[in-house]
Every structure is written in structure tokens, then in C-alpha cells.
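These notes concern the structure reproduced below.
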Amino acid sequence: MIRIICIGKMKDKALHMLEEEYIKRLKAFARTEVIEVRDEPNDLAAREKEAALAKEKEGERALSQIRDGDFVILLDLHGAHWDSETFARKLGEWQMQSSSLVFVIAGSLGPSPALTARANVRWKLSDLTFTHLMTRVLVLEQIYRGFMILNGRKYHK
């Protein structure tokens with residue numbers, strides 16, 4: 001089982017269609033679902049205390065979707081950065097550790113300290129900056145690519 005917990009709603013129809021396509025492709029490897037939790041308004045980012053409170057609230061909502069036995073991979077700018085083959089290997093290792101992998105995409109203000117503390121792994125998708133909506137699709141695509149690599153299928157190259 002793979003779950004992608006996203007803070008914020010998918011608002012782009014084209015990206016939503018891509019998201020659905022990768023979820024469909026992933027059915028060959030694992031049951032996959034995307035869970036959206038409510039985000040806080042972005043206008044709080046300028047004030048440090050309000051931003052910290054917003055991150056805390058978003059983190060609590062995300063944490064409420066995580067079970068004790070879940071293996072949690074947090075998308076984080078300060079996380080480890082891997083190439084596709086290494087990510088595929090990690091994906092296989094994580095699956096051996098838990099039957100439930102949970103990828104968490106925090107809100108635009110970043111992850112709360114509690115969410116960071118709960119993560120088993122912190123993953124930096126790229127040095128580039130992507131919208132949170134685009135990140136959802138990229139994460140699903142990389143998970144699919146990882147399974148294709150693990151299964152020796154031709155999608156990767």
C-alpha cells in the first residue's frame with residue numbers, strides 16, 4: 001500500500017489527470033491512494049509566529065492520517081537526494097520494512113517539526129523548485145519509475 005498525503009487540494013485539471021494516470025499505472029505494483037488534508041492560508045508566511053502555527057496545524061492534519069506501522073517518507077528540501085536507480089533500491093528496502101509506505105508532501109510553508117520527527121526518511125526530490133501540485137505528479141512518476149526499475153521493465157530509459 002502506498003499513500004501520498006498532500007497538504008492542499010489539487011486545483012489543476014491537467015495535473016489531476018496525470019496524477020490519476022500514474023495511480024492507474026501503479027495498480028500493477030501496489031494499491032495507491034492520494035489523501036488531501038486542508039492547508040492554511042499562505043498570507044501567514046510573512047509573520048514568523050503565524051507561519052509556525054500554520055505549519056503546526058497542517059502537520060497535525062497530516063499526522064492524523066499516519067498509522068503507527070507506516071513507513072513515512074517526507075518530501076523535504078533538507079532530505080537525501082538520490083538518482084532513480086538508488087531511489088528504486090530504497091523503495092524496495094522500504095517495502096521490506098513495512099507494507100504501508102506513506103509519502104508526505106508538506107504545505108508551502110514546509111513541514112512542521114512534529115512531521116519531520118515522525119518521518120523515517122526525508123527525501124529531496126530535486127534542487128529545483130516545483131509547485132506543490134507538480135510535486136504530487138513527480139512523486140507518483142518517480143514511484144512508478146522505481147517499480148519499473150525494480151521489476152526490470154523498460155520504462156526507465
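Every chain in the C-alpha cells takes a letter, A first, then B, and so on in the order presented; its residues are numbered from 1, and the ligands are numbered from 1 following the presented order.
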Determine which residues of range 54-155 of chain A DSSP labels as helix (DSSP H, G or I) from the backbone of this structure, then write them out as a PyMOL selection string.
-> chain A and resi 54-63+84-97+113-118+132-150+154-155
For the residues selected in the previous step, produce a file with C-alpha atoms as a compact mmCIF listing (two decimals), in the first residue's frame.
# COMPACT_ATOMS: atom_id res chain seq x y z
CA ALA A 54 0.10 27.23 10.32
CA LYS A 55 2.82 24.58 9.82
CA GLU A 56 1.87 23.00 13.14
CA LYS A 57 -1.83 22.78 12.16
CA GLU A 58 -1.02 21.34 8.74
CA GLY A 59 1.40 18.89 10.33
CA GLU A 60 -1.25 17.71 12.79
CA ARG A 61 -3.69 17.08 9.94
CA ALA A 62 -1.08 15.08 8.04
CA LEU A 63 -0.05 13.14 11.15
CA SER A 84 16.40 6.97 -9.98
CA GLU A 85 18.25 3.66 -9.53
CA THR A 86 19.11 4.45 -5.91
CA PHE A 87 15.56 5.59 -5.24
CA ALA A 88 14.26 2.31 -6.71
CA ARG A 89 16.58 0.34 -4.43
CA LYS A 90 15.40 2.38 -1.42
CA LEU A 91 11.77 1.81 -2.44
CA GLY A 92 12.36 -1.94 -2.41
CA GLU A 93 14.07 -1.74 1.00
CA TRP A 94 11.25 0.34 2.45
CA GLN A 95 8.66 -2.16 1.21
CA MET A 96 10.51 -4.90 3.07
CA GLN A 97 10.31 -2.82 6.26
CA PRO A 113 8.80 19.86 13.45
CA ALA A 114 6.43 17.06 14.53
CA LEU A 115 6.02 15.88 10.94
CA THR A 116 9.78 15.97 10.40
CA ALA A 117 10.30 13.99 13.61
CA ARG A 118 7.80 11.30 12.51
CA HIS A 132 3.20 21.50 -4.63
CA LEU A 133 0.76 20.37 -7.30
CA MET A 134 3.55 19.49 -9.71
CA THR A 135 5.43 17.73 -6.90
CA ARG A 136 2.48 15.37 -6.44
CA VAL A 137 2.75 14.21 -10.04
CA LEU A 138 6.55 13.99 -9.91
CA VAL A 139 6.46 11.86 -6.76
CA LEU A 140 3.95 9.46 -8.31
CA GLU A 141 6.03 9.27 -11.50
CA GLN A 142 9.21 8.52 -9.55
CA ILE A 143 7.47 5.80 -7.53
CA TYR A 144 6.22 4.26 -10.78
CA ARG A 145 9.70 4.55 -12.32
CA GLY A 146 11.15 2.92 -9.20
CA PHE A 147 8.84 -0.07 -9.53
CA MET A 148 9.65 -0.38 -13.22
CA ILE A 149 13.38 -0.44 -12.40
CA LEU A 150 12.86 -2.97 -9.58
CA LYS A 154 11.67 -0.89 -19.96
CA TYR A 155 10.09 2.39 -18.84
List every residue of range 34-64 of chain A that has an atom at most 12 Å from any atom of range 10-16 of chain A, giving for each one its closest atom pair and the distance in Å to one decimal, counting only C-alpha atoms, sorted by chain and then by ascending residue number, as JSON lines.
{"residue": "A:Val34", "atom": "CA", "partner": "A:Met10", "partner_atom": "CA", "distance": 10.2}
{"residue": "A:Ile35", "atom": "CA", "partner": "A:Met10", "partner_atom": "CA", "distance": 10.5}
{"residue": "A:Glu36", "atom": "CA", "partner": "A:Met10", "partner_atom": "CA", "distance": 8.2}
{"residue": "A:Val37", "atom": "CA", "partner": "A:Met10", "partner_atom": "CA", "distance": 10.6}
{"residue": "A:Arg38", "atom": "CA", "partner": "A:Met10", "partner_atom": "CA", "distance": 11.0}
{"residue": "A:Asp39", "atom": "CA", "partner": "A:Met10", "partner_atom": "CA", "distance": 11.4}
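Between CA of Gly79 in chain A and CA of Leu101 in chain A lies a distance of 16.9 Å.
Across the structure, CA of Val72 in chain A and CA of Ser99 in chain A are spaced 11.4 Å apart.
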